[in-house]
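Q: Data: coords29.cif, mmCIF, C-alpha atoms.
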```cif
data_data
loop_
_atom_site.group_PDB
_atom_site.id
_atom_site.type_symbol
_atom_site.label_atom_id
_atom_site.label_comp_id
_atom_site.auth_asym_id
_atom_site.auth_seq_id
_atom_site.Cartn_x
_atom_site.Cartn_y
_atom_site.Cartn_z
ATOM 1 C CA MET A 14 44.569 -16.657 71.652
ATOM 2 C CA ASN A 15 40.919 -16.891 70.644
ATOM 3 C CA GLU A 16 39.773 -14.686 67.787
ATOM 4 C CA ILE A 17 37.697 -11.694 68.866
ATOM 5 C CA GLU A 18 35.485 -9.742 66.485
ATOM 6 C CA ILE A 19 33.091 -6.830 66.748
ATOM 7 C CA TRP A 20 30.213 -6.505 64.301
ATOM 8 C CA VAL A 21 28.441 -3.166 64.029
ATOM 9 C CA ASP A 22 25.301 -3.477 61.930
ATOM 10 C CA LYS A 23 23.111 -0.602 60.722
ATOM 11 C CA VAL A 24 23.448 1.423 63.926
ATOM 12 C CA PHE A 25 21.221 4.492 63.954
ATOM 13 C CA LYS A 26 21.256 7.122 66.705
ATOM 14 C CA GLN A 27 19.314 10.376 66.823
ATOM 15 C CA PHE A 28 19.357 13.174 69.417
ATOM 16 C CA LYS A 29 16.148 15.178 68.949
ATOM 17 C CA ASP A 30 16.557 16.649 65.437
ATOM 18 C CA VAL A 31 20.194 15.631 65.008
ATOM 19 C CA VAL A 32 21.142 12.298 63.434
ATOM 20 C CA ALA A 33 24.429 11.303 65.097
ATOM 21 C CA LEU A 34 24.807 7.912 63.389
ATOM 22 C CA ASP A 35 23.041 7.014 60.171
ATOM 23 C CA ASN A 36 22.949 3.225 59.628
ATOM 24 C CA VAL A 37 26.634 2.669 60.404
ATOM 25 C CA SER A 38 28.060 -0.805 59.756
ATOM 26 C CA MET A 39 31.623 -1.986 60.433
ATOM 27 C CA ARG A 40 33.647 -5.136 61.153
ATOM 28 C CA PHE A 41 36.692 -5.400 63.439
ATOM 29 C CA ALA A 42 38.983 -8.355 64.218
ATOM 30 C CA SER A 43 41.850 -9.244 66.580
ATOM 31 C CA GLY A 44 45.420 -8.187 65.892
ATOM 32 C CA LYS A 45 44.582 -5.194 63.739
ATOM 33 C CA LEU A 46 44.593 -1.448 64.270
ATOM 34 C CA TYR A 47 41.462 0.319 63.029
ATOM 35 C CA GLY A 48 40.952 4.038 62.632
ATOM 36 C CA ILE A 49 37.620 5.832 62.775
ATOM 37 C CA ILE A 50 38.554 8.995 60.925
ATOM 38 C CA GLY A 51 36.546 12.179 60.692
ATOM 39 C CA PRO A 52 36.127 15.790 61.837
ATOM 40 C CA ALA A 53 34.326 16.923 64.983
ATOM 41 C CA GLY A 54 30.655 16.027 64.789
ATOM 42 C CA ALA A 55 31.232 13.004 62.560
ATOM 43 C CA GLY A 56 29.746 10.625 65.149
ATOM 44 C CA LYS A 57 32.935 8.956 66.380
ATOM 45 C CA THR A 58 32.327 9.412 70.116
ATOM 46 C CA THR A 59 28.672 8.376 69.852
ATOM 47 C CA LEU A 60 29.745 5.205 68.055
ATOM 48 C CA PHE A 61 32.264 4.307 70.767
ATOM 49 C CA ARG A 62 29.749 4.948 73.541
ATOM 50 C CA ILE A 63 27.227 2.645 71.895
ATOM 51 C CA MET A 64 29.896 -0.023 71.399
ATOM 52 C CA MET A 65 30.746 0.244 75.109
ATOM 53 C CA ASP A 66 27.062 -0.069 76.072
ATOM 54 C CA LEU A 67 27.154 3.411 77.623
ATOM 55 C CA MET A 68 24.414 4.578 75.247
ATOM 56 C CA ARG A 69 21.570 2.874 73.431
ATOM 57 C CA ALA A 70 21.113 3.047 69.674
ATOM 58 C CA ASN A 71 17.685 3.781 68.262
ATOM 59 C CA SER A 72 18.155 0.799 65.966
ATOM 60 C CA GLY A 73 20.841 -1.562 64.775
ATOM 61 C CA THR A 74 23.132 -3.871 66.751
ATOM 62 C CA VAL A 75 26.660 -4.198 68.123
ATOM 63 C CA GLN A 76 27.725 -7.807 68.442
ATOM 64 C CA TYR A 77 30.865 -9.206 70.076
ATOM 65 C CA ARG A 78 32.030 -12.555 68.766
ATOM 66 C CA GLU A 79 34.614 -15.104 69.889
ATOM 67 C CA ASN A 80 35.788 -17.747 67.422
ATOM 68 C CA GLY A 81 32.782 -16.981 65.248
ATOM 69 C CA ARG A 82 30.197 -17.239 68.027
ATOM 70 C CA LYS A 83 28.249 -14.402 69.577
ATOM 71 C CA ILE A 84 29.116 -13.548 73.182
ATOM 72 C CA TYR A 85 27.285 -11.205 75.516
ATOM 73 C CA PHE A 86 28.894 -7.866 76.314
ATOM 74 C CA ASP A 87 29.126 -8.604 80.047
ATOM 75 C CA LYS A 88 31.345 -11.605 79.216
ATOM 76 C CA ILE A 89 33.887 -9.458 77.373
ATOM 77 C CA GLN A 90 33.517 -6.120 79.184
ATOM 78 C CA GLU A 91 36.375 -6.694 81.626
ATOM 79 C CA GLN A 92 38.695 -7.465 78.709
ATOM 80 C CA ILE A 93 38.077 -4.089 77.038
ATOM 81 C CA ALA A 94 40.248 -1.068 77.776
ATOM 82 C CA TYR A 95 38.325 2.120 77.013
ATOM 83 C CA MET A 96 39.882 5.592 76.972
ATOM 84 C CA PRO A 97 37.327 8.398 76.654
ATOM 85 C CA GLN A 98 38.227 11.889 75.469
ATOM 86 C CA SER A 99 37.889 13.385 78.951
ATOM 87 C CA HIS A 100 40.724 13.173 81.482
ATOM 88 C CA SER A 101 40.330 10.013 83.529
ATOM 89 C CA LEU A 102 43.402 10.010 85.791
ATOM 90 C CA TYR A 103 43.917 11.475 89.268
ATOM 91 C CA ALA A 104 45.837 14.734 89.159
ATOM 92 C CA ASP A 105 47.444 14.308 92.603
ATOM 93 C CA LEU A 106 48.644 10.720 92.115
ATOM 94 C CA SER A 107 52.105 10.132 90.657
ATOM 95 C CA VAL A 108 52.858 7.913 87.670
ATOM 96 C CA GLU A 109 53.975 5.103 89.999
ATOM 97 C CA GLU A 110 50.941 5.532 92.259
ATOM 98 C CA HIS A 111 48.644 5.255 89.249
ATOM 99 C CA LEU A 112 50.277 2.015 88.149
ATOM 100 C CA ASP A 113 49.987 0.591 91.673
ATOM 101 C CA PHE A 114 46.341 1.707 91.884
ATOM 102 C CA PHE A 115 45.471 -0.108 88.660
ATOM 103 C CA ARG A 116 47.471 -3.160 89.765
ATOM 104 C CA LYS A 117 45.183 -3.461 92.787
ATOM 105 C CA LEU A 118 42.084 -2.651 90.742
ATOM 106 C CA TYR A 119 42.853 -5.379 88.205
ATOM 107 C CA GLY A 120 44.115 -7.886 90.779
ATOM 108 C CA ILE A 121 47.516 -8.362 89.139
ATOM 109 C CA ASN A 122 50.009 -10.413 91.166
ATOM 110 C CA ASP A 123 53.323 -8.844 92.177
ATOM 111 C CA ALA A 124 55.536 -10.795 89.767
ATOM 112 C CA ASP A 125 53.379 -10.090 86.702
ATOM 113 C CA PHE A 126 52.948 -6.472 87.729
ATOM 114 C CA GLN A 127 56.670 -5.787 88.050
ATOM 115 C CA TYR A 128 57.377 -7.262 84.620
ATOM 116 C CA LYS A 129 54.516 -5.387 82.931
ATOM 117 C CA LYS A 130 55.290 -2.154 84.748
ATOM 118 C CA ASP A 131 58.963 -2.177 83.744
ATOM 119 C CA GLU A 132 58.132 -3.019 80.120
ATOM 120 C CA LEU A 133 55.344 -0.453 79.733
ATOM 121 C CA VAL A 134 57.133 2.376 81.528
ATOM 122 C CA HIS A 135 60.143 1.795 79.277
ATOM 123 C CA LEU A 136 58.013 1.737 76.114
ATOM 124 C CA ALA A 137 56.290 4.952 77.190
ATOM 125 C CA ARG A 138 59.611 6.574 78.157
ATOM 126 C CA LEU A 139 58.305 7.510 81.584
ATOM 127 C CA GLU A 140 61.142 6.004 83.669
ATOM 128 C CA THR A 141 62.343 9.384 84.908
ATOM 129 C CA PHE A 142 58.828 10.629 85.716
ATOM 130 C CA LEU A 143 57.613 7.956 88.137
ATOM 131 C CA ASP A 144 57.353 10.445 91.018
ATOM 132 C CA ARG A 145 55.611 13.186 89.009
ATOM 133 C CA PRO A 146 51.894 13.768 89.688
ATOM 134 C CA ALA A 147 49.663 13.180 86.666
ATOM 135 C CA GLY A 148 48.400 16.754 86.919
ATOM 136 C CA LYS A 149 51.916 18.016 86.221
ATOM 137 C CA LEU A 150 52.613 15.831 83.191
ATOM 138 C CA SER A 151 52.593 17.218 79.682
ATOM 139 C CA GLY A 152 49.590 16.341 77.547
ATOM 140 C CA GLY A 153 51.520 13.652 75.723
ATOM 141 C CA MET A 154 52.902 12.024 78.874
ATOM 142 C CA TYR A 155 49.422 12.122 80.453
ATOM 143 C CA LYS A 156 47.938 10.247 77.495
ATOM 144 C CA LYS A 157 50.768 7.698 77.519
ATOM 145 C CA LEU A 158 50.226 7.112 81.246
ATOM 146 C CA GLY A 159 46.531 6.499 80.622
ATOM 147 C CA LEU A 160 47.381 4.020 77.890
ATOM 148 C CA ILE A 161 49.902 1.995 79.884
ATOM 149 C CA CYS A 162 47.510 1.871 82.848
ATOM 150 C CA ALA A 163 44.953 0.342 80.477
ATOM 151 C CA LEU A 164 47.519 -2.098 79.076
ATOM 152 C CA LEU A 165 48.379 -3.404 82.563
ATOM 153 C CA ARG A 166 45.288 -5.593 82.515
ATOM 154 C CA SER A 167 46.310 -7.234 79.201
ATOM 155 C CA PRO A 168 43.068 -6.333 77.410
ATOM 156 C CA ARG A 169 41.875 -8.113 74.282
ATOM 157 C CA ILE A 170 40.199 -4.994 72.906
ATOM 158 C CA MET A 171 41.232 -1.341 73.173
ATOM 159 C CA MET A 172 38.962 1.576 72.265
ATOM 160 C CA LEU A 173 40.565 4.997 72.334
ATOM 161 C CA ASP A 174 38.482 8.073 71.592
ATOM 162 C CA GLU A 175 40.704 10.803 70.092
ATOM 163 C CA PRO A 176 43.586 9.959 72.450
ATOM 164 C CA THR A 177 46.147 12.123 70.623
ATOM 165 C CA ASN A 178 44.020 15.279 70.546
ATOM 166 C CA GLY A 179 46.217 18.191 71.635
ATOM 167 C CA VAL A 180 49.317 16.013 71.964
ATOM 168 C CA ASP A 181 52.655 17.277 70.595
ATOM 169 C CA PRO A 182 54.073 15.524 67.476
ATOM 170 C CA ILE A 183 56.865 13.665 69.299
ATOM 171 C CA SER A 184 54.512 12.270 71.946
ATOM 172 C CA ARG A 185 52.062 11.338 69.212
ATOM 173 C CA ARG A 186 54.730 9.203 67.532
ATOM 174 C CA GLU A 187 55.593 7.536 70.824
ATOM 175 C CA PHE A 188 51.899 6.952 71.551
ATOM 176 C CA TRP A 189 51.461 5.284 68.179
ATOM 177 C CA GLY A 190 54.462 3.103 68.941
ATOM 178 C CA LEU A 191 52.581 1.815 71.984
ATOM 179 C CA LEU A 192 49.513 1.143 69.821
ATOM 180 C CA ASP A 193 51.588 -0.760 67.253
ATOM 181 C CA ASN A 194 53.038 -2.864 70.056
ATOM 182 C CA ALA A 195 49.534 -3.632 71.368
ATOM 183 C CA LYS A 196 48.359 -4.645 67.882
ATOM 184 C CA ASN A 197 51.409 -6.882 67.400
ATOM 185 C CA ASN A 198 50.472 -8.642 70.647
ATOM 186 C CA GLY A 199 47.118 -9.635 69.148
ATOM 187 C CA ILE A 200 44.964 -6.887 70.670
ATOM 188 C CA LEU A 201 42.090 -5.488 68.633
ATOM 189 C CA VAL A 202 42.825 -1.746 68.645
ATOM 190 C CA LEU A 203 40.225 0.887 67.730
ATOM 191 C CA ILE A 204 41.154 4.552 67.640
ATOM 192 C CA SER A 205 39.115 7.562 66.609
ATOM 193 C CA THR A 206 40.898 10.679 65.407
ATOM 194 C CA ALA A 207 40.411 13.922 63.544
ATOM 195 C CA TYR A 208 44.126 13.958 62.610
ATOM 196 C CA MET A 209 44.054 12.822 58.997
ATOM 197 C CA ASP A 210 47.740 11.868 58.896
ATOM 198 C CA GLU A 211 47.079 9.206 61.542
ATOM 199 C CA ALA A 212 44.783 7.341 59.155
ATOM 200 C CA GLU A 213 47.802 6.071 57.241
ATOM 201 C CA ARG A 214 49.128 4.338 60.356
ATOM 202 C CA CYS A 215 46.072 2.077 60.597
ATOM 203 C CA ASN A 216 45.542 -1.325 58.991
ATOM 204 C CA SER A 217 42.026 -0.306 58.046
ATOM 205 C CA VAL A 218 39.999 2.889 58.342
ATOM 206 C CA ALA A 219 36.393 4.032 58.230
ATOM 207 C CA LEU A 220 35.948 7.599 57.005
ATOM 208 C CA MET A 221 33.023 9.412 58.601
ATOM 209 C CA GLU A 222 31.121 12.637 58.026
ATOM 210 C CA ASN A 223 27.828 13.741 59.547
ATOM 211 C CA GLY A 224 27.129 10.374 61.105
ATOM 212 C CA ARG A 225 27.777 8.360 57.958
ATOM 213 C CA VAL A 226 30.607 6.115 56.802
ATOM 214 C CA PHE A 227 31.328 7.173 53.228
ATOM 215 C CA ALA A 228 34.365 4.918 52.684
ATOM 216 C CA ALA A 229 36.186 2.083 54.443
ATOM 217 C CA GLY A 230 39.170 -0.126 53.768
ATOM 218 C CA GLU A 231 42.956 -0.136 53.673
ATOM 219 C CA PRO A 232 44.388 3.408 53.690
ATOM 220 C CA ASP A 233 46.556 3.041 50.563
ATOM 221 C CA LEU A 234 43.703 1.592 48.542
ATOM 222 C CA LEU A 235 41.318 4.359 49.596
ATOM 223 C CA LEU A 236 43.781 7.081 48.619
ATOM 224 C CA LYS A 237 44.171 5.471 45.192
ATOM 225 C CA LYS A 238 40.424 5.069 44.797
ATOM 226 C CA TYR A 239 39.801 8.745 45.521
ATOM 227 C CA ASN A 240 42.903 9.898 43.617
ATOM 228 C CA SER A 241 44.319 11.669 46.666
ATOM 229 C CA ASN A 242 47.814 12.026 48.087
ATOM 230 C CA SER A 243 46.593 12.315 51.670
ATOM 231 C CA PHE A 244 43.420 12.014 53.713
ATOM 232 C CA ASP A 245 43.411 15.775 54.237
ATOM 233 C CA GLU A 246 43.200 16.114 50.457
ATOM 234 C CA LEU A 247 40.511 13.426 50.249
ATOM 235 C CA PHE A 248 38.250 15.202 52.763
ATOM 236 C CA LEU A 249 38.897 18.584 51.132
ATOM 237 C CA LYS A 250 37.859 17.215 47.748
ATOM 238 C CA ARG A 251 34.595 15.976 49.244
ATOM 239 C CA ARG A 252 33.979 19.357 50.817
ATOM 240 C CA GLU A 253 34.593 21.134 47.509
ATOM 241 C CA LYS A 254 32.156 18.850 45.695
ATOM 242 C CA ARG A 255 29.361 19.809 48.091
ATOM 243 C CA LYS A 256 29.781 23.531 47.438
#
```
Please re-express this file's structure in structure tokens.

A:
Amino acid sequence: MNEIEIWVDKVFKQFKDVVALDNVSMRFASGKLYGIIGPAGAGKTTLFRIMMDLMRANSGTVQYRENGRKIYFDKIQEQIAYMPQSHSLYADLSVEEHLDFFRKLYGINDADFQYKKDELVHLARLETFLDRPAGKLSGGMYKKLGLICALLRSPRIMMLDEPTNGVDPISRREFWGLLDNAKNNGILVLISTAYMDEAERCNSVALMENGRVFAAGEPDLLLKKYNSNSFDELFLKRREKRK
């Protein structure tokens, strides 16, 4: 599979008097799981919207690259699975009806669909809920359904904006299992989260506060650098220093 990269360079975004992103720069590559970690108001959602071309930056660039060469967003857009924070499924459609809807939307042939459906439903542990409407699923099952619907199209990039927010601990673990599987299949996975414990499950993280990235790198190395046992502790130490 061709190598896909995303380069974010000095992205600045301001809403009236509020600076949402302050010269943010990042690099992402295929087959890795990246975490954008920070509390509410850090700028995570704004960053994802700019990367998805849903919002324009005041300055700076987002560049998609394939095998080292720049490609235009419209050439890669259909290969990106994006999960916003807001609910994006149909409450009255069942799990199976959602999968069939996205099969038709993505133009997946019957043989490929059956194989992918069986594999993804099993991984998400939704076999016994195929007839249940999405509106009657638990929060965790709802998020897992959204993820496997996105994975049906075999994306090369996944962007998930706080997908585990409000999800119970068991479903969170199962959700992360799906993300690990996607990463192991060569997909570039980007997830934003305010849950600090999830940072340690990523290959690389960018820590954000008030629109700025104050640290980035491998989780273990960052914890050592900041002499912290957890990312909760790391953020708390920063907060104490500002007092």

Q: Rounded to one decimal place, report the atom CA of A:Val21-atom CA of A:Gly56 distance in Å.

A: 13.9 Å

Q: Atom CA of A:Gly179 and atom CA of A:Arg69 are how many Å apart?

A: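 Calculated distance between atom CA of A:Gly179 and atom CA of A:Arg69 is 29.1 Å.
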
Q: Using the chain letters and numbers from the file, give me the residues hit by the PyMOL selection byres ((chain A and resi 172) around 7), as a list in words.

A: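 Applied to this file, the PyMOL selection byres ((chain A and resi 172) around 7) selects Ala94, Tyr95, Met96, Ile170, Met171, Leu173, Asp174, Val202, Leu203 and Ile204 of chain A.
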
Q: Given the file shown, determine the residues that the PyMOL selection byres ((chain A and resi 247) around 12) selects; report them as a compact mmCIF listing (two decimals) with C-alpha atoms, in the coordinates of the input.

A:
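And here's result19.txt as it stands now:
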```
# COMPACT_ATOMS: atom_id res chain seq x y z
CA ILE A 50 38.55 8.99 60.92
CA GLY A 51 36.55 12.18 60.69
CA MET A 209 44.05 12.82 59.00
CA ASP A 210 47.74 11.87 58.90
CA ALA A 212 44.78 7.34 59.16
CA LEU A 220 35.95 7.60 57.00
CA MET A 221 33.02 9.41 58.60
CA PHE A 227 31.33 7.17 53.23
CA ALA A 228 34.36 4.92 52.68
CA PRO A 232 44.39 3.41 53.69
CA LEU A 235 41.32 4.36 49.60
CA LEU A 236 43.78 7.08 48.62
CA LYS A 237 44.17 5.47 45.19
CA LYS A 238 40.42 5.07 44.80
CA TYR A 239 39.80 8.74 45.52
CA ASN A 240 42.90 9.90 43.62
CA SER A 241 44.32 11.67 46.67
CA ASN A 242 47.81 12.03 48.09
CA SER A 243 46.59 12.32 51.67
CA PHE A 244 43.42 12.01 53.71
CA ASP A 245 43.41 15.78 54.24
CA GLU A 246 43.20 16.11 50.46
CA PHE A 248 38.25 15.20 52.76
CA LEU A 249 38.90 18.58 51.13
CA LYS A 250 37.86 17.22 47.75
CA ARG A 251 34.60 15.98 49.24
CA ARG A 252 33.98 19.36 50.82
CA GLU A 253 34.59 21.13 47.51
CA LYS A 254 32.16 18.85 45.70
```

Q: Just the number, please: distance in Å from atom CA of A:Val180 to atom CA of A:Gly153, one decimal.

A: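 Going from atom CA of A:Val180 over to atom CA of A:Gly153 covers 5.0 Å.
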
Q: Please give the centre and size of the box around stretch 16-24 of chain A (axis-aligned, containing every atom listed in the file, 6 Å added per side), with values in Å to one decimal and written as lines of an AutoDock Vina configuration file.

A:
```
center_x = 31.4
center_y = -6.6
center_z = 64.8
size_x = 28.7
size_y = 28.1
size_z = 20.1
```

Q: Pick the closest to A:Lys157 from A:Asn223, A:Lys129, A:Asp181, A:Leu191: which is it, counting all atoms listed in the file?

A: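 Residue with the minimum atom-to-atom distance to A:Lys157: A:Leu191.
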
Q: Apply the PyMOL selection byres ((chain A and resi 183) around 12) to the file shown and report the selected residues as a PyMOL selection string.

A: chain A and resi 137-138+151-154+157+177+179-182+184-190

Q: Which polymer residues, whether protein, DNA or RNA, lie within 10 Å of the coordinate (51.7, -4.7, 79.2) when you count all atoms listed in the file? List them as a CSV table (one decimal) with C-alpha atoms, in the coordinates of the input, using the chain letters and numbers from the file.

A:
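Resulting contents of out_0.csv:
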```
chain,number,residue,atom,x,y,z
A,125,ASP,CA,53.4,-10.1,86.7
A,126,PHE,CA,52.9,-6.5,87.7
A,128,TYR,CA,57.4,-7.3,84.6
A,129,LYS,CA,54.5,-5.4,82.9
A,130,LYS,CA,55.3,-2.2,84.7
A,131,ASP,CA,59.0,-2.2,83.7
A,132,GLU,CA,58.1,-3.0,80.1
A,133,LEU,CA,55.3,-0.5,79.7
A,134,VAL,CA,57.1,2.4,81.5
A,136,LEU,CA,58.0,1.7,76.1
A,160,LEU,CA,47.4,4.0,77.9
A,161,ILE,CA,49.9,2.0,79.9
A,162,CYS,CA,47.5,1.9,82.8
A,163,ALA,CA,45.0,0.3,80.5
A,164,LEU,CA,47.5,-2.1,79.1
A,165,LEU,CA,48.4,-3.4,82.6
A,166,ARG,CA,45.3,-5.6,82.5
A,167,SER,CA,46.3,-7.2,79.2
A,168,PRO,CA,43.1,-6.3,77.4
A,191,LEU,CA,52.6,1.8,72.0
A,194,ASN,CA,53.0,-2.9,70.1
A,195,ALA,CA,49.5,-3.6,71.4
A,198,ASN,CA,50.5,-8.6,70.6
```
